[in-house]
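Q: Structure below; questions to follow.
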Amino acid sequence: MGQIFRNKDGKSILMKMVKAIQDNKAYLGEVDGLIGDGDHGMNMNKGFTVFEERFGSEEFGFTEGLEELGMILMNEIGGSMGPIYGTIFTAMAEKGEGLEEISLTGFADILEYALAKLQTIIEAQVGDKTLVDTLSPAADSLRQSQKVGWDLMTAMNAMAEAAAKGRDSTKDMVAKFGRSSRLGERSRGVLDAGATSCCLILTAMAEGIKEMVC
Amino acid sequence: MKKIMNAPEAYTDDMLKGIYMTHEEVKYVNDDLRCYCIANKKPDKVAIITGGGTGHLPLFLGYVGHGLIDGCAVGGVFQSPSAEQIFEVTKEVEAGAGVLYLYGNYTGDIMNFDMAAELCEMEDIKTASIVGADDVNSGAPKVRRGVAGIFYMFKAAGAKADMGGNLEEVLAAAQKAKERTRTVGFAMSPCIIPEVGKPNFTLEENEMAMGMGIHGEPGIWNGPIKTSGELAEESLHTILEDMPIAKGEEAAILINGLGATSVEELYILCKDVVEYLEGQGIKVVRSNVGEYATSMEMMGASVSVCRLDEELKEYLDHPVSTPFYIQKARDGYDAV
């Protein structure tokens, strides 16, 4: 008990991710507006809402949903977030598509693979004030939880915590990647918008998975 | 926010519909208004494709036309287009001689163009890529933003392709224009992204921002508005420090309005730029004054300088005709 979730039960996880973005559209815009152009919430909302409109009434599993969401972001949304989240979600789908039951080990593999794929398209490392600062500690925490033998439920809580800590860590960083990197020191003192949306998504994913654990 | 529009989210597509209704020389493909292509492509020519966010007209799509570039993937306001849109434009306008991707140095655009280039590779379409990065105040050369100076890259690459150059030669022409072009811009008021609805920074009544980017990226100083002469001097000092031009050399200048600054003011700035350069012994032999890369309703301008040689001069003088930009041949004959 408490060690896996079924891939085919994954629709509600995706819908929680959609809702998290929709509910935080304005907030993400405000975060982005401090050192970016303020459209991050709007663009994320656009992509996630297209997914909801197209697949909200369909049946699909966790990795199928990630694949569709990723393709919409990659092909139809553009911007920098389209390819970035598109790559993350399609990579997660690719790594997990063969799994009927997803264990903590399996989920750690999936997130690590997504991070590795992401780093083939962007050079950002931990500390550069990007969503890597959220995604990387989240993936590390999963692996850590697996090593110490935690159950999936506890591991999800730990992942969400690690993601939040990672997001908060971007506040004191100076941007080294993307449009805000040209601000130098002036980028210090505010959260990174991508790290913030990534934390919302991972938290929603953790909540969704916790409800499906069996 | 005071804008002539309908739903904010329809801003880009409504604009595109208007453009297609007005200009028969362009069309869209793949049933996507944002896949903007020249209507009649020239066979066997290297195709040049650009792309970028909406909000900068005539950049980027306004340079699609004869003697310049062949296609443009259009993003939402200040947003990169998607890789798929770039790829669809590429498939339509490529004419068997390879494709040059020429766009501004922005993270999102780079990711999407690189992904499109990978899609092309799978279909055996040969591509090369180069980014405009002329905004001196935005950092070290490699990270600089691409702003109005990309005009000279379009002009050089477009002319070389139109003259029958191969992909390497067209790339080299763009590279040469890039190496010899620098821009400094400054803003006096913000612009508003329609879907955001409010400016993401403010400037006081008598305040300006030197070095601000065309998406409102902060510049190097905010302070009281300077005179045209002082602005010309500071801009050119920055440019010439970064790219020295010897006495007796020739240069082209581009005085670009950001959207809400009057053409009268641009010509005042032009006068001061020319006087300053000539004071340094530099001959200004080509001038463009007007709107070339805007930031919607932002007030302000940019000054670009292109250090010329005979080859670049020939490219700049090549006649072009697009719905947004017409340049006749210097001997008076009409553009193609």
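Following the order of the structure tokens, chains are lettered A, B, ..., residues in each are numbered from 1, and ligands are numbered from 1.
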For Met71 in chain A, find every residue with an atom within 10 Å (counting only C-alpha atoms), except residues of its own chain fewer than 5 positions away, and show them as a list in words.
A: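 Counting only C-alpha atoms, the residues come to Gly47, Phe51, Gly65, Leu66, Glu76, Ile77, Gly82, Pro83, Tyr85, Gly86, Thr87, Phe89 and Thr90 of chain A.
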Q: Which residues of chain B come within 6 Å of chain A, and for each one, what is the closest pair of atoms and their distance in Å to one decimal, counting only C-alpha atoms, sorted by chain and residue number, as a tab-separated table?
A:
```
residue	atom	partner	partner_atom	distance
B:Gln79	CA	A:Gly79	CA	4.7
B:Ser80	CA	A:Gly79	CA	4.1
B:Pro81	CA	A:Gly78	CA	4.6
B:Ser82	CA	A:Gly78	CA	3.7
B:Glu84	CA	A:Asn75	CA	5.2
B:Thr107	CA	A:Gly178	CA	5.4
B:Gly108	CA	A:Ser80	CA	3.6
B:Asn200	CA	A:Gly33	CA	5.7
```
Q: Save the residues we just selected, N, CA and C atoms, as an mmCIF file, in the first residue's frame?
A:
```
data_model
loop_
_atom_site.group_PDB
_atom_site.id
_atom_site.type_symbol
_atom_site.label_atom_id
_atom_site.label_comp_id
_atom_site.auth_asym_id
_atom_site.auth_seq_id
_atom_site.Cartn_x
_atom_site.Cartn_y
_atom_site.Cartn_z
ATOM 1 N N GLN B 79 6.322 37.805 -28.043
ATOM 2 C CA GLN B 79 6.463 36.365 -27.830
ATOM 3 C C GLN B 79 7.090 35.721 -29.051
ATOM 4 N N SER B 80 7.981 34.788 -28.831
ATOM 5 C CA SER B 80 8.513 34.052 -29.973
ATOM 6 C C SER B 80 7.403 33.243 -30.628
ATOM 7 N N PRO B 81 7.455 33.090 -31.969
ATOM 8 C CA PRO B 81 6.565 32.117 -32.606
ATOM 9 C C PRO B 81 6.998 30.709 -32.223
ATOM 10 N N SER B 82 6.176 29.727 -32.525
ATOM 11 C CA SER B 82 6.531 28.344 -32.189
ATOM 12 C C SER B 82 7.401 27.739 -33.281
ATOM 13 N N GLU B 84 6.932 25.021 -34.769
ATOM 14 C CA GLU B 84 6.094 24.489 -35.848
ATOM 15 C C GLU B 84 5.752 25.577 -36.865
ATOM 16 N N THR B 107 16.123 34.566 -26.030
ATOM 17 C CA THR B 107 16.112 33.151 -25.641
ATOM 18 C C THR B 107 15.007 32.340 -26.311
ATOM 19 N N GLY B 108 13.777 32.858 -26.235
ATOM 20 C CA GLY B 108 12.655 32.100 -26.791
ATOM 21 C C GLY B 108 12.790 31.899 -28.288
ATOM 22 N N ASN B 200 4.495 47.840 -17.570
ATOM 23 C CA ASN B 200 5.235 47.143 -16.520
ATOM 24 C C ASN B 200 6.364 47.987 -15.945
#
```
Q: Would you list, as a PyMOL selection string, the residues of range 10-137 of chain A that end up in helix (DSSP H, G or I) under DSSP run on this structure's backbone?
A: chain A and resi 11-23+25-35+40-55+62-77+81-96+104-121+132-137
Q: Measure the distance from CA of Gly127 in chain A to CA of Lys171 in chain A in Å and round it to one decimal.
A: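 That distance, rounded to one decimal, is 10.5 Å.
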Q: Considering only C-alpha atoms, return as a PyMOL selection string whatever protein or nucleic-acid residues lie within 10 Å of Glu185 in chain A, sequence-local ones (same chain, fewer than 6 positions apart) excluded.
A: chain A and resi 172-175
Q: Residues of the last selection are to be written out with C-alpha atoms, as an mmCIF file, in the first residue's frame.
A:
```
data_model
loop_
_atom_site.group_PDB
_atom_site.id
_atom_site.type_symbol
_atom_site.label_atom_id
_atom_site.label_comp_id
_atom_site.auth_asym_id
_atom_site.auth_seq_id
_atom_site.Cartn_x
_atom_site.Cartn_y
_atom_site.Cartn_z
ATOM 1 C CA ASP A 172 18.426 36.175 -3.944
ATOM 2 C CA MET A 173 19.962 35.099 -7.215
ATOM 3 C CA VAL A 174 21.189 37.209 -10.093
ATOM 4 C CA ALA A 175 19.737 36.002 -13.400
#
```
Q: Excluding range 151-161 of chain B and its own-chain neighbours fewer than 6 positions away, which residues fall within 10 Å of it when counting only C-alpha atoms? Please give them as a ChimeraX atom specification.
A: /B:44-50,59-60,63-70,97,100,102-103,130-132,167,169-181,252-254,292-293,304-306,311-320
Q: Print the selection's residues with C-alpha atoms to a file, as a PDB file, in the first residue's frame.
A:
```
ATOM      1  CA  ASP B  44      16.462  28.777 -56.782  1.00  0.00           C
ATOM      2  CA  LYS B  45      17.057  31.638 -54.364  1.00  0.00           C
ATOM      3  CA  VAL B  46      18.334  31.175 -50.817  1.00  0.00           C
ATOM      4  CA  ALA B  47      15.286  31.751 -48.649  1.00  0.00           C
ATOM      5  CA  ILE B  48      15.648  34.099 -45.683  1.00  0.00           C
ATOM      6  CA  ILE B  49      13.257  33.623 -42.826  1.00  0.00           C
ATOM      7  CA  THR B  50      12.783  35.708 -39.747  1.00  0.00           C
ATOM      8  CA  LEU B  59       9.854  44.516 -37.721  1.00  0.00           C
ATOM      9  CA  PHE B  60       9.654  41.590 -38.409  1.00  0.00           C
ATOM     10  CA  TYR B  63      10.633  43.115 -44.293  1.00  0.00           C
ATOM     11  CA  VAL B  64       9.099  40.215 -46.208  1.00  0.00           C
ATOM     12  CA  GLY B  65       9.130  41.170 -49.857  1.00  0.00           C
ATOM     13  CA  HIS B  66      11.239  41.347 -52.982  1.00  0.00           C
ATOM     14  CA  GLY B  67      14.931  41.909 -52.445  1.00  0.00           C
ATOM     15  CA  LEU B  68      14.665  41.355 -48.712  1.00  0.00           C
ATOM     16  CA  ILE B  69      13.327  38.312 -46.912  1.00  0.00           C
ATOM     17  CA  ASP B  70      10.880  35.587 -47.788  1.00  0.00           C
ATOM     18  CA  ALA B  97      18.929  26.664 -52.284  1.00  0.00           C
ATOM     19  CA  LEU B 100      18.911  31.398 -43.597  1.00  0.00           C
ATOM     20  CA  LEU B 102      17.890  35.626 -39.315  1.00  0.00           C
ATOM     21  CA  TYR B 103      16.236  36.928 -36.157  1.00  0.00           C
ATOM     22  CA  ILE B 130      22.392  34.097 -37.352  1.00  0.00           C
ATOM     23  CA  VAL B 131      20.988  36.445 -34.734  1.00  0.00           C
ATOM     24  CA  GLY B 132      20.941  40.218 -34.622  1.00  0.00           C
ATOM     25  CA  LEU B 167      23.742  30.017 -48.521  1.00  0.00           C
ATOM     26  CA  GLU B 169      27.584  33.810 -49.100  1.00  0.00           C
ATOM     27  CA  VAL B 170      24.225  35.044 -47.836  1.00  0.00           C
ATOM     28  CA  LEU B 171      25.215  34.101 -44.297  1.00  0.00           C
ATOM     29  CA  ALA B 172      28.545  35.880 -44.748  1.00  0.00           C
ATOM     30  CA  ALA B 173      26.765  39.030 -45.952  1.00  0.00           C
ATOM     31  CA  ALA B 174      24.548  38.992 -42.847  1.00  0.00           C
ATOM     32  CA  GLN B 175      27.584  38.350 -40.668  1.00  0.00           C
ATOM     33  CA  LYS B 176      29.446  41.273 -42.150  1.00  0.00           C
ATOM     34  CA  ALA B 177      26.523  43.632 -41.559  1.00  0.00           C
ATOM     35  CA  LYS B 178      26.248  42.300 -38.016  1.00  0.00           C
ATOM     36  CA  GLU B 179      29.910  42.888 -37.234  1.00  0.00           C
ATOM     37  CA  ARG B 180      29.716  46.437 -38.518  1.00  0.00           C
ATOM     38  CA  THR B 181      26.436  47.587 -36.955  1.00  0.00           C
ATOM     39  CA  ALA B 252      25.163  54.557 -42.812  1.00  0.00           C
ATOM     40  CA  ILE B 253      22.810  55.701 -40.068  1.00  0.00           C
ATOM     41  CA  LEU B 254      19.359  54.545 -39.093  1.00  0.00           C
ATOM     42  CA  TYR B 292      12.022  50.417 -38.492  1.00  0.00           C
ATOM     43  CA  ALA B 293      11.702  48.553 -35.184  1.00  0.00           C
ATOM     44  CA  SER B 304      22.144  52.653 -35.432  1.00  0.00           C
ATOM     45  CA  VAL B 305      25.429  53.070 -37.214  1.00  0.00           C
ATOM     46  CA  CYS B 306      26.689  50.714 -39.911  1.00  0.00           C
ATOM     47  CA  GLU B 311      30.362  45.567 -50.554  1.00  0.00           C
ATOM     48  CA  LEU B 312      27.913  46.671 -47.856  1.00  0.00           C
ATOM     49  CA  LYS B 313      27.111  49.833 -49.764  1.00  0.00           C
ATOM     50  CA  GLU B 314      26.144  47.739 -52.749  1.00  0.00           C
ATOM     51  CA  TYR B 315      23.829  45.649 -50.548  1.00  0.00           C
ATOM     52  CA  LEU B 316      22.245  48.735 -49.012  1.00  0.00           C
ATOM     53  CA  ASP B 317      21.619  50.199 -52.440  1.00  0.00           C
ATOM     54  CA  HIS B 318      19.936  47.066 -53.756  1.00  0.00           C
ATOM     55  CA  PRO B 319      16.315  47.938 -54.571  1.00  0.00           C
ATOM     56  CA  VAL B 320      13.610  46.342 -52.484  1.00  0.00           C
TER      57      VAL B 320
END
```
Q: For Met92 in chain A, work out the shell of residues within 9 Å, counting only C-alpha atoms and skipping chain neighbours fewer than 5 positions away, then give it as a CSV table (one decimal) with all heavy atoms, in the first residue's frame.
A:
```csv
chain,number,residue,atom,x,y,z
A,63,THR,N,0.8,9.8,-18.5
A,63,THR,CA,1.8,10.1,-19.5
A,63,THR,C,1.1,10.5,-20.8
A,63,THR,O,1.7,11.3,-21.5
A,63,THR,CB,2.7,8.9,-19.7
A,63,THR,OG1,2.0,7.7,-20.0
A,63,THR,CG2,3.6,8.7,-18.5
A,66,LEU,N,0.4,14.2,-20.4
A,66,LEU,CA,1.7,14.9,-20.4
A,66,LEU,C,2.1,15.1,-21.8
A,66,LEU,O,2.6,16.2,-22.2
A,66,LEU,CB,2.8,14.3,-19.6
A,66,LEU,CG,2.6,14.3,-18.1
A,66,LEU,CD1,3.7,13.4,-17.4
A,66,LEU,CD2,2.7,15.8,-17.5
A,67,GLU,N,2.0,14.1,-22.6
A,67,GLU,CA,2.4,14.1,-24.0
A,67,GLU,C,1.6,15.2,-24.8
A,67,GLU,O,2.2,16.0,-25.5
A,67,GLU,CB,2.3,12.7,-24.7
A,67,GLU,CG,2.5,12.7,-26.2
A,67,GLU,CD,3.9,12.8,-26.6
A,67,GLU,OE1,4.8,12.6,-25.7
A,67,GLU,OE2,4.2,13.1,-27.8
A,87,THR,N,9.2,20.5,-23.7
A,87,THR,CA,10.3,19.5,-23.5
A,87,THR,C,10.2,18.8,-22.2
A,87,THR,O,10.3,17.5,-22.2
A,87,THR,CB,11.7,20.2,-23.6
A,87,THR,OG1,11.8,20.9,-24.9
A,87,THR,CG2,12.8,19.2,-23.4
A,97,GLU,N,5.9,6.3,-20.4
A,97,GLU,CA,4.8,5.7,-21.2
A,97,GLU,C,4.6,4.2,-21.1
A,97,GLU,O,3.5,3.7,-21.2
A,97,GLU,CB,4.8,6.2,-22.6
A,97,GLU,CG,6.0,5.6,-23.4
A,97,GLU,CD,6.1,6.3,-24.8
A,97,GLU,OE1,5.2,7.0,-25.2
A,97,GLU,OE2,7.1,6.0,-25.5
A,107,PHE,N,8.9,7.4,-10.8
A,107,PHE,CA,8.7,8.9,-10.9
A,107,PHE,C,10.0,9.7,-10.8
A,107,PHE,O,10.2,10.7,-11.5
A,107,PHE,CB,7.7,9.3,-9.8
A,107,PHE,CG,7.1,10.7,-10.0
A,107,PHE,CD1,6.5,11.0,-11.2
A,107,PHE,CD2,7.2,11.7,-9.1
A,107,PHE,CE1,5.9,12.2,-11.5
A,107,PHE,CE2,6.7,12.9,-9.3
A,107,PHE,CZ,6.0,13.2,-10.5
A,109,ASP,N,12.8,8.6,-11.9
A,109,ASP,CA,13.4,8.4,-13.2
A,109,ASP,C,12.8,9.4,-14.2
A,109,ASP,O,13.5,10.0,-15.0
A,109,ASP,CB,13.2,7.0,-13.7
A,109,ASP,CG,14.0,5.9,-13.0
A,109,ASP,OD1,14.9,6.3,-12.2
A,109,ASP,OD2,13.6,4.7,-13.1
A,110,ILE,N,11.5,9.5,-14.1
A,110,ILE,CA,10.8,10.4,-15.1
A,110,ILE,C,11.2,11.8,-14.9
A,110,ILE,O,11.5,12.5,-15.9
A,110,ILE,CB,9.3,10.2,-14.8
A,110,ILE,CG1,8.8,8.9,-15.4
A,110,ILE,CG2,8.5,11.4,-15.5
A,110,ILE,CD1,7.3,8.6,-15.0
A,111,LEU,N,11.3,12.3,-13.7
A,111,LEU,CA,11.6,13.7,-13.5
A,111,LEU,C,13.1,14.0,-13.8
A,111,LEU,O,13.4,15.0,-14.3
A,111,LEU,CB,11.3,14.1,-12.0
A,111,LEU,CG,10.7,15.6,-11.9
A,111,LEU,CD1,9.5,15.7,-12.8
A,111,LEU,CD2,10.4,15.9,-10.5
A,112,GLU,N,14.0,13.0,-13.5
A,112,GLU,CA,15.4,13.2,-13.8
A,112,GLU,C,15.6,13.3,-15.3
A,112,GLU,O,16.4,14.0,-15.8
A,112,GLU,CB,16.2,12.0,-13.2
A,112,GLU,CG,16.5,12.2,-11.7
A,112,GLU,CD,17.3,11.0,-11.1
A,112,GLU,OE1,17.6,10.1,-11.9
A,112,GLU,OE2,17.6,11.1,-9.9
A,113,TYR,N,14.8,12.4,-16.0
A,113,TYR,CA,15.0,12.4,-17.5
A,113,TYR,C,14.5,13.7,-18.1
A,113,TYR,O,15.1,14.3,-19.0
A,113,TYR,CB,14.1,11.2,-18.0
A,113,TYR,CG,14.2,11.0,-19.5
A,113,TYR,CD1,15.4,10.5,-20.1
A,113,TYR,CD2,13.2,11.3,-20.3
A,113,TYR,CE1,15.5,10.4,-21.4
A,113,TYR,CE2,13.3,11.2,-21.7
A,113,TYR,CZ,14.5,10.7,-22.2
A,113,TYR,OH,14.6,10.5,-23.6
A,114,ALA,N,13.4,14.3,-17.5
A,114,ALA,CA,12.9,15.5,-18.0
A,114,ALA,C,13.9,16.6,-17.8
A,114,ALA,O,14.1,17.5,-18.7
A,114,ALA,CB,11.6,15.9,-17.3
```
Q: Measuring atom to atom with only C-alpha atoms, identify which of B:Lys27, B:Pro194, B:Leu231, B:Met212 is nearest to Met5 in chain B.
A: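 Ranking B:Lys27, B:Pro194, B:Leu231, B:Met212 by distance to Met5 in chain B, first place goes to B:Pro194.
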Q: Write out as a list in words each polymer residue whose atoms come within 8 Å of range 285-291 of chain B, counting only C-alpha atoms; drop sequence neighbours fewer than 3 positions from it.
A: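 My reading of the contact set: Leu57, Pro58, Glu250, Ala251, Ala252, Ile253, Leu254, Ile255, Asn256, Gly257, Leu258, Gly259, Val263, Leu266, Tyr267, Cys270 and Thr294 of chain B.
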Q: Quick one: residues within 10 Å of His237 in chain B, only C-alpha atoms counted, chain neighbours fewer than 5 positions away excluded, as a PyMOL selection string?
A: chain B and resi 184+231-232+242-244+276-277
